[in-house]
Every structure is written in structure tokens, then in C-alpha cells.
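Undergrad: Provided herewith: entry09.txt, compact mmCIF, C-alpha atoms and all ligand atoms.
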# COMPACT_ATOMS: atom_id res chain seq x y z
CA MET F 1 0.00 0.00 0.00
CA ASN F 2 1.27 3.46 -0.90
CA HIS F 3 0.91 5.73 2.13
CA LEU F 4 1.33 9.46 1.78
CA PRO F 5 4.04 10.63 4.15
CA ASP F 6 2.32 11.98 7.30
CA GLY F 7 4.18 15.29 6.87
CA ILE F 8 2.18 15.99 3.71
CA LEU F 9 -1.13 15.37 5.48
CA GLN F 10 0.03 17.75 8.24
CA ILE F 11 0.11 20.73 5.91
CA ILE F 12 -3.60 20.34 5.04
CA PRO F 13 -5.32 23.15 6.92
CA ASP F 14 -8.55 21.12 7.36
CA PRO F 15 -8.98 18.41 10.01
CA LEU F 16 -8.32 14.89 8.73
CA PHE F 17 -8.59 11.58 10.62
CA VAL F 18 -7.50 8.14 9.43
CA PHE F 19 -8.86 4.92 11.00
CA ASP F 20 -7.96 1.33 10.26
CA THR F 21 -10.67 -1.12 9.20
CA ASN F 22 -11.35 -1.90 12.88
CA LYS F 23 -12.17 1.81 13.29
CA LYS F 24 -9.10 2.47 15.46
CA LEU F 25 -7.39 5.80 14.92
CA THR F 26 -4.07 5.54 13.10
CA PHE F 27 -3.50 9.17 12.21
CA MET F 28 -4.82 12.69 12.59
CA ASN F 29 -3.25 15.91 11.42
CA HIS F 30 -2.52 19.06 13.44
CA ALA F 31 -5.81 20.69 12.40
CA ALA F 32 -7.67 17.66 13.77
CA GLU F 33 -5.65 17.75 17.00
CA ALA F 34 -6.48 21.43 17.44
CA LEU F 35 -10.17 20.84 16.71
CA LEU F 36 -10.54 18.09 19.32
CA ASN F 37 -7.99 19.57 21.69
CA THR F 38 -6.01 16.35 21.85
CA THR F 39 -2.82 14.85 20.42
CA LEU F 40 -2.21 12.05 17.97
CA ASP F 41 0.04 10.31 20.50
CA SER F 42 -2.68 10.16 23.13
CA ALA F 43 -5.49 9.22 20.73
CA ARG F 44 -3.73 6.70 18.47
CA GLY F 45 -5.31 3.24 18.66
CA LYS F 46 -8.55 4.49 20.21
CA ALA F 47 -11.92 3.59 18.70
CA ASP F 48 -13.73 6.19 16.53
CA THR F 49 -16.48 6.43 19.19
CA GLU F 50 -13.90 7.52 21.76
CA VAL F 51 -12.19 10.06 19.52
CA ILE F 52 -14.95 11.66 17.45
CA PRO F 53 -17.86 13.60 19.02
CA LYS F 54 -21.10 11.63 18.71
CA GLU F 55 -22.95 14.17 16.55
CA LEU F 56 -20.10 14.21 14.03
CA LEU F 57 -19.79 10.44 14.08
CA ASP F 58 -23.53 10.08 13.35
CA LEU F 59 -23.20 12.40 10.34
CA TRP F 60 -20.18 10.49 9.09
CA THR F 61 -21.96 7.15 9.43
CA ALA F 62 -25.13 8.40 7.72
CA ARG F 63 -23.18 9.71 4.70
CA ASN F 64 -26.09 11.92 3.68
CA GLU F 65 -24.93 14.49 1.11
CA LYS F 66 -27.74 16.84 2.17
CA GLN F 67 -26.85 16.73 5.86
CA ASN F 68 -23.13 16.99 5.79
CA GLU F 69 -22.47 20.07 7.90
CA TRP F 70 -21.22 20.07 11.44
CA SER F 71 -20.74 23.14 13.63
CA VAL F 72 -18.78 23.44 16.81
CA GLY F 73 -18.45 26.78 18.60
CA GLU F 74 -17.82 29.42 15.96
CA GLN F 75 -16.55 26.92 13.40
CA ALA F 76 -18.46 25.12 10.62
CA PHE F 77 -17.27 22.08 8.68
CA ARG F 78 -18.53 20.13 5.71
CA LEU F 79 -17.91 16.38 5.71
CA ASP F 80 -16.26 15.17 2.57
CA PHE F 81 -17.71 11.89 1.33
CA SER F 82 -15.55 11.53 -1.78
CA PRO F 83 -14.59 7.88 -2.30
CA LEU F 84 -11.04 6.88 -1.41
CA PRO F 85 -8.64 5.83 -4.18
CA ILE F 86 -9.09 2.13 -4.90
CA GLU F 87 -5.72 1.13 -3.42
CA LEU F 88 -6.71 2.67 -0.04
CA SER F 89 -10.42 1.93 0.12
CA GLY F 90 -10.09 -1.53 1.68
CA GLN F 91 -7.28 -0.48 4.03
CA CYS F 92 -8.49 2.53 5.93
CA LEU F 93 -11.33 4.97 6.60
CA VAL F 94 -10.75 8.68 6.23
CA LEU F 95 -12.78 11.43 7.86
CA TYR F 96 -12.02 14.72 6.17
CA LEU F 97 -13.67 17.93 7.38
CA ARG F 98 -13.58 20.88 5.05
CA ASN F 99 -13.53 24.08 7.08
CA ILE F 100 -16.33 26.29 5.69
CA THR F 101 -16.43 28.83 8.53
CA ARG F 102 -15.18 31.64 6.29
CA LEU F 103 -17.60 30.77 3.51
CA LYS F 104 -20.49 30.79 5.96
CA THR F 105 -19.44 34.15 7.37
CA LEU F 106 -19.12 35.62 3.89
CA ALA F 107 -22.55 34.30 2.89
CA ARG F 108 -24.06 35.71 6.10
CA ASN F 109 -22.45 39.12 5.55
CA GLN F 110 -23.58 39.16 1.95
CA ASN F 111 -27.15 38.32 2.94
CA GLU F 112 -27.13 40.96 5.65
CA PHE F 113 -25.74 43.57 3.25
CA THR F 114 -28.35 42.68 0.62
CA ARG F 115 -31.10 42.82 3.22
CA ILE F 116 -30.10 46.29 4.45
CA VAL F 117 -29.53 47.79 0.99
CA SER F 118 -32.75 46.45 -0.47
CA HIS F 119 -34.67 47.54 2.60
CA ASP F 120 -33.20 51.07 2.50
CA LEU F 121 -33.90 51.42 -1.23
CA ARG F 122 -37.57 50.67 -0.64
CA SER F 123 -38.62 53.95 1.01
CA PRO F 124 -37.17 56.42 -1.54
CA LEU F 125 -38.67 54.28 -4.30
CA THR F 126 -42.09 54.37 -2.64
CA SER F 127 -41.86 58.13 -2.37
CA ILE F 128 -40.79 58.59 -6.03
CA GLN F 129 -43.65 56.35 -7.08
CA GLY F 130 -46.14 58.27 -4.89
CA PHE F 131 -45.11 61.72 -6.16
CA ALA F 132 -44.91 60.65 -9.79
CA SER F 133 -48.42 59.16 -9.51
CA MET F 134 -49.65 62.47 -8.09
CA LEU F 135 -48.30 64.23 -11.17
CA GLU F 136 -50.47 61.92 -13.24
CA SER F 137 -53.61 62.86 -11.33
CA ASP F 138 -55.42 66.19 -11.82
CA MET F 139 -54.31 67.46 -8.40
CA VAL F 140 -51.34 69.41 -9.75
CA GLY F 141 -52.88 70.71 -12.93
CA ASN F 142 -53.07 69.30 -16.42
CA LEU F 143 -50.03 67.81 -18.10
CA ASN F 144 -49.43 68.04 -21.80
CA ASP F 145 -48.95 64.82 -23.79
CA LYS F 146 -45.17 64.93 -23.63
CA GLN F 147 -45.20 65.46 -19.86
CA LYS F 148 -47.68 62.58 -19.47
CA HIS F 149 -45.41 60.38 -21.54
CA PHE F 150 -42.38 61.23 -19.38
CA VAL F 151 -44.30 60.59 -16.16
CA SER F 152 -45.42 57.19 -17.42
CA LYS F 153 -41.78 56.39 -18.25
CA ILE F 154 -40.73 57.39 -14.71
CA LEU F 155 -43.48 55.22 -13.24
CA SER F 156 -42.61 52.21 -15.32
CA GLY F 157 -38.90 52.60 -14.43
CA VAL F 158 -39.75 52.86 -10.75
CA GLY F 159 -41.98 49.81 -11.10
CA GLN F 160 -39.08 47.82 -12.57
CA LEU F 161 -36.73 48.99 -9.84
CA THR F 162 -39.23 48.09 -7.12
CA ALA F 163 -39.69 44.61 -8.59
CA LEU F 164 -35.91 44.17 -8.74
CA VAL F 165 -35.45 45.29 -5.13
CA ASP F 166 -38.25 42.93 -4.02
CA ASN F 167 -36.60 40.03 -5.85
CA ILE F 168 -33.18 40.75 -4.38
CA GLN F 169 -34.76 40.94 -0.94
CA ASP F 170 -36.57 37.63 -1.42
CA ALA F 171 -33.55 35.88 -2.89
CA GLY F 172 -31.70 36.95 0.28
CA ARG F 173 -34.28 35.11 2.41
CA TYR F 174 -33.24 31.92 0.69
CA ASP F 175 -30.22 30.04 2.01
CA PRO F 176 -28.60 28.35 -1.00
CA GLU F 177 -26.70 25.97 1.29
CA SER F 178 -29.73 24.45 2.94
CA GLY F 179 -32.45 25.45 0.46
CA PHE F 180 -34.18 27.05 3.41
CA TYR F 181 -36.77 29.80 3.22
CA GLU F 182 -38.17 31.32 6.35
CA MET F 183 -41.87 30.60 6.01
CA ASN F 184 -44.65 32.77 7.26
CA ARG F 185 -47.84 30.76 6.84
CA SER F 186 -51.35 32.13 7.19
CA HIS F 187 -54.69 31.76 5.39
CA CYS F 188 -53.97 32.38 1.74
CA ASP F 189 -56.55 32.99 -0.99
CA LEU F 190 -54.78 32.45 -4.32
CA ASP F 191 -57.86 33.37 -6.30
CA GLU F 192 -57.91 36.80 -4.66
CA ILE F 193 -54.12 37.20 -5.00
CA VAL F 194 -54.23 36.51 -8.75
CA ARG F 195 -57.07 38.99 -9.31
CA ARG F 196 -55.27 41.66 -7.28
CA ILE F 197 -52.01 41.16 -9.22
CA VAL F 198 -53.77 41.47 -12.56
CA ASP F 199 -55.87 44.49 -11.45
CA ASN F 200 -52.91 46.42 -10.01
CA HIS F 201 -50.52 45.78 -12.83
CA LEU F 202 -49.10 48.75 -14.72
CA MET F 203 -48.78 47.98 -18.42
CA PRO F 204 -45.73 49.62 -20.05
CA ALA F 205 -46.83 52.69 -21.99
CA ASP F 206 -45.61 51.31 -25.32
CA LYS F 207 -47.32 47.90 -25.09
CA VAL F 208 -50.82 46.60 -25.79
CA LEU F 209 -51.64 43.07 -24.59
CA THR F 210 -54.88 41.23 -24.00
CA ILE F 211 -54.91 40.09 -20.39
CA LYS F 212 -57.26 37.31 -19.28
CA VAL F 213 -57.93 35.78 -15.89
CA SER F 214 -59.66 32.43 -15.68
CA ASN F 215 -60.09 31.22 -12.14
CA GLY F 216 -61.79 27.97 -11.24
CA ASN F 217 -64.54 28.43 -8.66
CA ASN F 218 -63.35 25.59 -6.46
CA VAL F 219 -60.03 27.01 -5.29
CA PRO F 220 -59.75 26.47 -1.53
CA ILE F 221 -58.03 28.74 0.97
CA ILE F 222 -54.71 27.22 1.93
CA ASN F 223 -52.25 27.63 4.75
CA ALA F 224 -49.29 29.16 2.95
CA ASP F 225 -46.88 32.06 2.74
CA SER F 226 -49.10 34.60 0.96
CA ASN F 227 -46.36 37.18 0.45
CA MET F 228 -43.96 34.73 -1.13
CA LEU F 229 -46.65 33.21 -3.34
CA GLU F 230 -47.76 36.67 -4.43
CA ARG F 231 -44.14 37.47 -5.32
CA ALA F 232 -43.82 34.23 -7.30
CA ILE F 233 -47.01 34.89 -9.29
CA ILE F 234 -46.01 38.54 -9.88
CA ASN F 235 -42.70 37.27 -11.28
CA LEU F 236 -44.47 34.94 -13.71
CA PHE F 237 -46.98 37.59 -14.72
CA ASP F 238 -44.29 40.29 -15.10
CA ASN F 239 -42.22 37.96 -17.27
CA ALA F 240 -45.19 37.15 -19.50
CA ILE F 241 -45.74 40.88 -20.01
CA LYS F 242 -42.03 41.66 -20.44
CA TYR F 243 -41.34 38.94 -22.97
CA THR F 244 -44.58 38.99 -24.98
CA PRO F 245 -44.49 41.46 -27.87
CA THR F 246 -47.21 44.04 -28.23
CA GLY F 247 -50.46 42.70 -29.67
CA GLY F 248 -50.06 39.39 -27.81
CA GLU F 249 -52.07 37.69 -25.09
CA VAL F 250 -51.42 36.71 -21.48
CA GLU F 251 -53.73 34.48 -19.46
CA VAL F 252 -53.46 33.74 -15.75
CA SER F 253 -55.47 30.97 -14.15
CA VAL F 254 -55.85 29.24 -10.79
CA ASN F 255 -57.47 25.84 -10.57
CA CYS F 256 -57.68 22.75 -8.43
CA VAL F 257 -56.21 19.80 -10.31
CA ASN F 258 -55.49 16.34 -8.86
CA GLU F 259 -55.20 17.34 -5.18
CA ALA F 260 -53.12 20.42 -5.98
CA ILE F 261 -53.69 24.10 -6.58
CA VAL F 262 -52.26 24.94 -9.96
CA VAL F 263 -51.48 28.49 -11.07
CA THR F 264 -50.63 28.88 -14.75
CA VAL F 265 -49.42 31.91 -16.64
CA ARG F 266 -49.68 31.44 -20.39
CA ASP F 267 -48.38 33.87 -22.95
CA SER F 268 -48.20 34.12 -26.71
CA GLY F 269 -44.56 35.30 -26.58
CA PRO F 270 -41.42 33.94 -28.26
CA GLY F 271 -41.32 30.65 -26.33
CA ILE F 272 -38.29 28.96 -24.77
CA PRO F 273 -36.13 26.29 -26.46
CA PRO F 274 -36.32 22.82 -24.83
CA GLU F 275 -32.64 22.88 -23.79
CA ASP F 276 -33.20 26.07 -21.74
CA GLN F 277 -36.47 25.14 -20.07
CA GLU F 278 -34.81 23.71 -16.94
CA ARG F 279 -31.89 26.05 -16.53
CA ILE F 280 -33.92 29.28 -16.61
CA PHE F 281 -35.05 28.34 -13.07
CA GLU F 282 -31.48 28.55 -11.80
CA ARG F 283 -30.22 31.62 -9.97
CA HIS F 284 -29.09 34.44 -12.30
CA VAL F 285 -29.68 32.51 -15.53
CA ARG F 286 -30.91 34.78 -18.34
CA LEU F 287 -31.23 33.81 -21.98
CA VAL F 288 -29.45 35.94 -24.51
CA ARG F 289 -31.79 36.25 -27.45
CA GLN F 290 -32.27 38.78 -30.17
CA GLU F 291 -35.92 39.41 -29.31
CA HIS F 292 -35.15 39.93 -25.57
CA LYS F 293 -32.14 42.13 -26.10
CA LYS F 294 -33.75 45.19 -24.59
CA VAL F 295 -35.64 43.44 -21.79
CA LYS F 296 -33.98 44.05 -18.42
CA GLY F 297 -33.84 41.58 -15.56
CA SER F 298 -31.71 39.98 -12.88
CA GLY F 299 -32.30 36.30 -13.63
CA LEU F 300 -33.71 35.91 -10.11
CA GLY F 301 -37.43 35.82 -10.93
CA LEU F 302 -37.86 32.16 -11.85
CA PHE F 303 -35.35 31.03 -9.24
CA ILE F 304 -37.64 32.60 -6.64
CA VAL F 305 -40.75 31.08 -8.25
CA ARG F 306 -39.34 27.56 -8.02
CA SER F 307 -37.87 28.05 -4.53
CA VAL F 308 -41.22 29.26 -3.22
CA ALA F 309 -43.10 26.38 -4.87
CA ARG F 310 -40.67 23.79 -3.46
CA ARG F 311 -40.77 25.35 -0.01
CA HIS F 312 -44.51 24.57 -0.07
CA GLY F 313 -43.83 20.99 -1.15
CA GLY F 314 -44.73 21.79 -4.77
CA ASN F 315 -42.89 22.66 -7.93
CA ALA F 316 -42.71 25.08 -10.86
CA TRP F 317 -41.95 24.36 -14.50
CA VAL F 318 -42.54 25.58 -18.04
CA THR F 319 -43.92 24.02 -21.19
CA SER F 320 -43.18 25.93 -24.33
CA THR F 321 -42.72 25.76 -28.06
CA VAL F 322 -40.44 28.26 -29.72
CA GLY F 323 -42.51 30.79 -31.62
CA ASN F 324 -45.69 29.60 -29.95
CA GLY F 325 -45.67 31.02 -26.42
CA SER F 326 -44.95 29.56 -22.99
CA THR F 327 -47.03 28.24 -20.12
CA PHE F 328 -45.47 28.52 -16.67
CA THR F 329 -47.04 26.38 -13.97
CA LEU F 330 -46.76 26.66 -10.21
CA SER F 331 -48.27 23.71 -8.40
CA LEU F 332 -48.93 23.44 -4.65
CA PRO F 333 -50.07 20.11 -3.20
CA LEU F 334 -53.23 20.18 -1.13
CA LYS F 335 -51.81 18.21 1.75
CA ASP F 336 -49.94 18.38 5.05
CA GLU F 337 -49.06 21.87 6.26
CA ASN F 338 -50.64 23.53 3.20
CA LEU F 339 -54.10 22.56 4.46
CA VAL F 340 -56.05 24.89 6.68
CA VAL F 341 -56.89 23.05 9.88
CA SER F 342 -60.51 23.73 10.79
CA ALA F 343 -61.07 24.62 14.43
P1 LIG F 401 -35.24 37.83 -15.73
O1 LIG F 401 -36.58 37.98 -16.36
O2 LIG F 401 -34.98 38.81 -14.64
O3 LIG F 401 -34.14 37.71 -16.72
P2 LIG F 401 -36.16 35.25 -14.80
O4 LIG F 401 -35.52 34.30 -13.82
O5 LIG F 401 -37.52 35.73 -14.45
O6 LIG F 401 -35.15 36.43 -14.95
O7 LIG F 401 -36.20 34.56 -16.21
C1 LIG F 401 -35.03 33.88 -16.70
C2 LIG F 401 -35.02 33.88 -18.22
O8 LIG F 401 -36.09 33.06 -18.70
C3 LIG F 401 -35.26 35.26 -18.83
O9 LIG F 401 -34.05 35.97 -18.96
C4 LIG F 401 -35.91 34.91 -20.18
O10 LIG F 401 -34.91 34.68 -21.14
C5 LIG F 401 -36.62 33.60 -19.91
N1 LIG F 401 -38.07 33.82 -19.72
C6 LIG F 401 -38.73 33.95 -18.55
N2 LIG F 401 -40.05 34.10 -18.75
C7 LIG F 401 -40.25 34.03 -20.08
C8 LIG F 401 -41.41 34.12 -20.95
N3 LIG F 401 -42.63 34.28 -20.43
N4 LIG F 401 -41.21 34.01 -22.27
C9 LIG F 401 -39.98 33.82 -22.81
N5 LIG F 401 -38.84 33.75 -22.05
C10 LIG F 401 -38.97 33.86 -20.72
Represent the structure of the file as C-alpha cells.

TA:
Amino acid sequence: MNHLPDGILQIIPDPLFVFDTNKKLTFMNHAAEALLNTTLDSARGKADTEVIPKELLDLWTARNEKQNEWSVGEQAFRLDFSPLPIELSGQCLVLYLRNITRLKTLARNQNEFTRIVSHDLRSPLTSIQGFASMLESDMVGNLNDKQKHFVSKILSGVGQLTALVDNIQDAGRYDPESGFYEMNRSHCDLDEIVRRIVDNHLMPADKVLTIKVSNGNNVPIINADSNMLERAIINLFDNAIKYTPTGGEVEVSVNCVNEAIVVTVRDSGPGIPPEDQERIFERHVRLVRQEHKKVKGSGLGLFIVRSVARRHGGNAWVTSTVGNGSTFTLSLPLKDENLVVSA
């Protein structure tokens, strides 16, 4: 068997333990000694259960890729389950802990920064929107056509900025490591949410689209995060409007299908090629296409849609034919926590 000289393993900055096939410790590097506050000399030959803290040992034994993080004090580690090279795999067991403390701190700082900036941008935007809307009303006198046109441009720009800030804020609530969204469940009426979104929507001044709503009359109230679902549906509806050329059609519907509430947003826009239909739901993925060249976005919208759907035990996907429009679907199962418990 070809052993690496121990000196080489000592320079690895992450903790590393080697056990023989009887689970007795044969080696640990300095980082491992420092982590467990012990020495190789005193721990050599001891069983894994004596050397490794129980919580860590349980994670190591379970070998679950989704639960592979272990924290102790201020430090966080990720267990590495990569298979050993064939010549070592029958000879020893290696526990390698990748130190991810710095990564975690960076991610936390980034989230905090995003949260503060997006929060602080909200109030000036609300005030710009409020005052620009007042210009549109008769309160301040009549505007000529050019002035009206400029005000509508300001309002549509502010609308875009507000949507972007909302998306950045929501994406910050999502922890990419654990896929975790803080949920805030309450009674949620999707039928009412869809109608409100469609009624309150500001159509860009230079676009004419036929908008339809077709809600089933059997849509139950569910126990869900109304704000997040509203954001997800706004994202789908905004996209349909953004990407559908003038003269087209957008239809939003909510229905109960096979024990699930299904929201669909169908448009008559350019469609999405089959090879892109999955990846557009990834964070920051935007398609570069001639017909979208001028459409602005962050690539966060669909990522949020799918995250919100999955957080409710559901899913989101698209069916589309290039040149023939797209139908985005958000499906929420009518079961478990999504159900309203009657008193
Ligand atoms: P954004 O719109 O901010 O770019 P999204 O995550 O909402 O980000 O969408 C990702 C990409 O998917 C978009 O850049 C666009 O290319 C494509 N897309 C989304 N909705 C539609 C639609 N209704 N029709 C055609 N393409 C779409």
C-alpha cells in the first residue's frame, strides 16, 4: 500500500482523521488535533467512538450528502464523502472535514448587506412612485402629452426597480446551502391574489396586450406564505408581459387539479427552447436572445418562483414551443401543512 508521508497530510489546513478497518485511529493531522484539543500520541489506537464527538460520528456514518455540515463553537465544517482511491479503500477509513467557517461568514455578511440595501432602497422608491403618480392625477394641474409620456416612463422605471429590489430581498431570504426559506404561513386565498395582481398591474406605456384571468370556482383557501406566493405569481406575470411582444395575449389561471392548486401563466410570446427550459429556473440565468435584447432583468425571478413552490412541497416548471408562447405552472399540493386546519 502506498501511504502518503504523514508530513504531507500535516500541511492540510482542514482536520483529517484516518482509521484502520477496525475503526481504530491511526493518524490525525494538526488541524484535527487542534479541533478536538487532543494529540495524535494520546489518541492513536482508540476507537472512533472515543475520539470523534457523537454528533459528528452520526453524520459520518449516515453519509447523507444533504446533511453533511457540522458546527462546533464558531466553526463550521462540511464532511467530505468523496470515495477513497481504490488502493486505499479496503485499508483505511478517512474522515475529512472541510472548514467552511469563512464561507459561511461571507454568505451571512452578503445576505445581511443585501437585506439592508434592499430595505433602504424601498422607502425612496415608494416616495418617487407616490409623487410621480400624483403628477399623473389632476391634483397638480393638467399635463401636456409629452409630460404625461415622461411621467409614465418614470413610473414604469420605478416599477421595474421596485420589482428588482423585491426580488433581491426575497432571494436573500433563501439560504442556497440548505435550500431554506423562512416561512410565514397564514390563510392564503390564491384566487384573490391573482385577481389583485392582474388588477394592479401597470402595463408599459408602449405595449398593448390582451390580459385574461380564468379562475376555477373551487379554489380552496390554503395555509401558505401569501407574500412569497404573491411574489412568485407577480414574477411569472411580469415575465409574461415583459417577454410577450405588443399585440399578444397573457392568461393567468388558478385551478384545483389532482389534489393540488395549480397556477398557470400562459403567454403568446417567443417561447423557450427545450434545452433552456430547466436552466432558466437557476439563480441568475438569463437567456441571450435577439428578441429579448432590450428586456432588463436579474435572472432571479424564476429562481424565486421555483424556490417558493418547493418550499410549499410543490414545484414550478414551463412548457413551451419556440414561436408559440410559454405556459409557466406553479403547483402546490393540497396536503400536510398547506391545508387549513378547521377549528
Ligand atoms: P429575468 O426575467 O430577470 O431575466 P427570470 O428568472 O424571471 O429572470 O427569467 C429567466 C429567463 O427566462 C429570462 O431571462 C428569459 O430569457 C426567460 N423567460 C422567462 N419568462 C419568459 C417568458 N414568459 N417568455 C420567454 N422567455 C422567458

Undergrad: Which centre and which edge lengths, in Å to one decimal, describe the axis-aligned box that holds all listed atoms of segment 294-297 of chain F after 6 Å is added on each side, as lines of an AutoDock Vina configuration file?

TA:
center_x = -34.7
center_y = 43.4
center_z = -20.1
size_x = 13.9
size_y = 15.6
size_z = 21.0

Undergrad: Find the spatial neighbours of Ile272 of chain F, counting all atoms listed in the file, within a cut-off of 8 Å - ignore same-chain residues fewer than 4 positions away - and output them as a list in words.

TA: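 Contacts, in chain order: Asp276, Gln277, Ser320, Thr321, Val322, Gly325 and Ser326 of chain F.
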
Undergrad: At what distance in Å, to one decimal, does atom CA of Ser123 of chain F lie from atom CA of Val151 of chain F?

TA: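 That distance, rounded to one decimal, is 19.3 Å.
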
Undergrad: So, counting all atoms listed in the file, which residue among F:Lys207, F:His201, F:Arg196, F:Arg286 is closest to ligand LIG 401 (chain F)?

TA: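 Of the candidates, the smallest distance to ligand LIG 401 (chain F) is held by F:Arg286.
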
Undergrad: At what distance in Å, to one decimal, does atom CA of Val340 of chain F lie from atom CA of Gly172 of chain F?

TA: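 Distance reported for this atom pair: 27.9 Å.
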
Undergrad: Starting from the point (-24.1, 11.6, 4.5), work out which residues of protein, DNA or RNA have an atom no more than 12 Å away when counting all atoms listed in the file; state them as a ChimeraX atom specification.

TA: /F:56-70,78-82,95

Undergrad: Write as a VMD selection string the residues around ligand LIG 401 (chain F), taking 7 Å as the cut-off and counting only C-alpha atoms and all ligand atoms.

TA: chain F and resid 235 to 236 239 to 240 243 to 244 267 269 to 272 280 to 281 284 to 288 292 296 to 303 325 to 326

Undergrad: Provide the atom CA of Val165 of chain F to atom CA of Ile116 of chain F distance in Å, to one decimal place.

TA: 11.0 Å

Undergrad: Which one of F:Thr319, F:Asn167, F:Gln91, F:Asn37 sits closest to Glu230 of chain F if you count all atoms listed in the file?

TA: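 Closest candidate: F:Asn167.
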
Undergrad: Near Leu161 of chain F, within 12 Å and counting all atoms listed in the file, which residues show up once chain neighbours fewer than 6 positions away are dropped, as a short mmCIF file (atom, residue, chain, number, x, y, z; two decimals) with C-alpha atoms, in the frame of the given file?

TA:
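New file selection39.cif:
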data_model
loop_
_atom_site.label_atom_id
_atom_site.label_comp_id
_atom_site.auth_asym_id
_atom_site.auth_seq_id
_atom_site.Cartn_x
_atom_site.Cartn_y
_atom_site.Cartn_z
CA SER F 118 -32.75 46.45 -0.47
CA LEU F 121 -33.90 51.42 -1.23
CA ARG F 122 -37.57 50.67 -0.64
CA PRO F 124 -37.17 56.42 -1.54
CA LEU F 125 -38.67 54.28 -4.30
CA THR F 126 -42.09 54.37 -2.64
CA ILE F 128 -40.79 58.59 -6.03
CA GLN F 129 -43.65 56.35 -7.08
CA ILE F 154 -40.73 57.39 -14.71
CA LEU F 155 -43.48 55.22 -13.24
CA ASN F 167 -36.60 40.03 -5.85
CA ILE F 168 -33.18 40.75 -4.38
CA LYS F 296 -33.98 44.05 -18.42
CA GLY F 297 -33.84 41.58 -15.56
CA SER F 298 -31.71 39.98 -12.88
#

Undergrad: Give as a ChimeraX atom specification the set of residues within 6 Å of the point (-2.7, 6.3, 15.5), where distances use the file's coordinates and all atoms listed in the file.

TA: /F:25-27,44-45

Undergrad: With only C-alpha atoms as the atoms that count, which of F:Ile241, F:Val318, F:Leu334, F:Leu143 lies nearest to Thr264 of chain F?

TA: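 Closest to Thr264 of chain F of all the choices is F:Val318.
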
Undergrad: Which residue gives the smallest distance to Ile100 of chain F among F:Pro15, F:Phe131, F:Asn324, F:Gln147, with all atoms listed in the file counted?

TA: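 Looking at the shortest contact to Ile100 of chain F, the residue is F:Pro15.
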
Undergrad: So which residues touch Gln110 of chain F within 12 Å, counting all atoms listed in the file, skipping near sequence neighbours fewer than 4 positions away, as JSON, numbers by chain?

TA: {"F": [103, 104, 105, 106, 114, 115, 116, 117, 118, 168, 169, 171, 172, 173, 175]}

Undergrad: As a count of residues only, please: the residues near Leu190 of chain F (cut-off 10 Å, all atoms listed in the file, same-chain neighbours under 4 positions excluded).

TA: 19

Undergrad: Extract, using all atoms listed in the file, all DNA, RNA and protein residues at most 9 Å from Pro13 of chain F, discarding same-chain residues fewer than 4 positions from it, and format them as number ranges by chain.

TA: F: 9, 29-31, 98-99

Undergrad: Name the closest residue to Val250 of chain F among the candidates F:Ser133, F:Thr327, F:Asn315, F:Asn200; distances are taken between atoms, counting only C-alpha atoms.

TA: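 Between F:Ser133, F:Thr327, F:Asn315, F:Asn200, the residue approaching Val250 of chain F most closely is F:Thr327.
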
Undergrad: For Lys23 of chain F, which residue out of F:Glu50, F:Glu182, F:Glu112, F:Asp138 is the nearest one, using only C-alpha atoms?

TA: F:Glu50
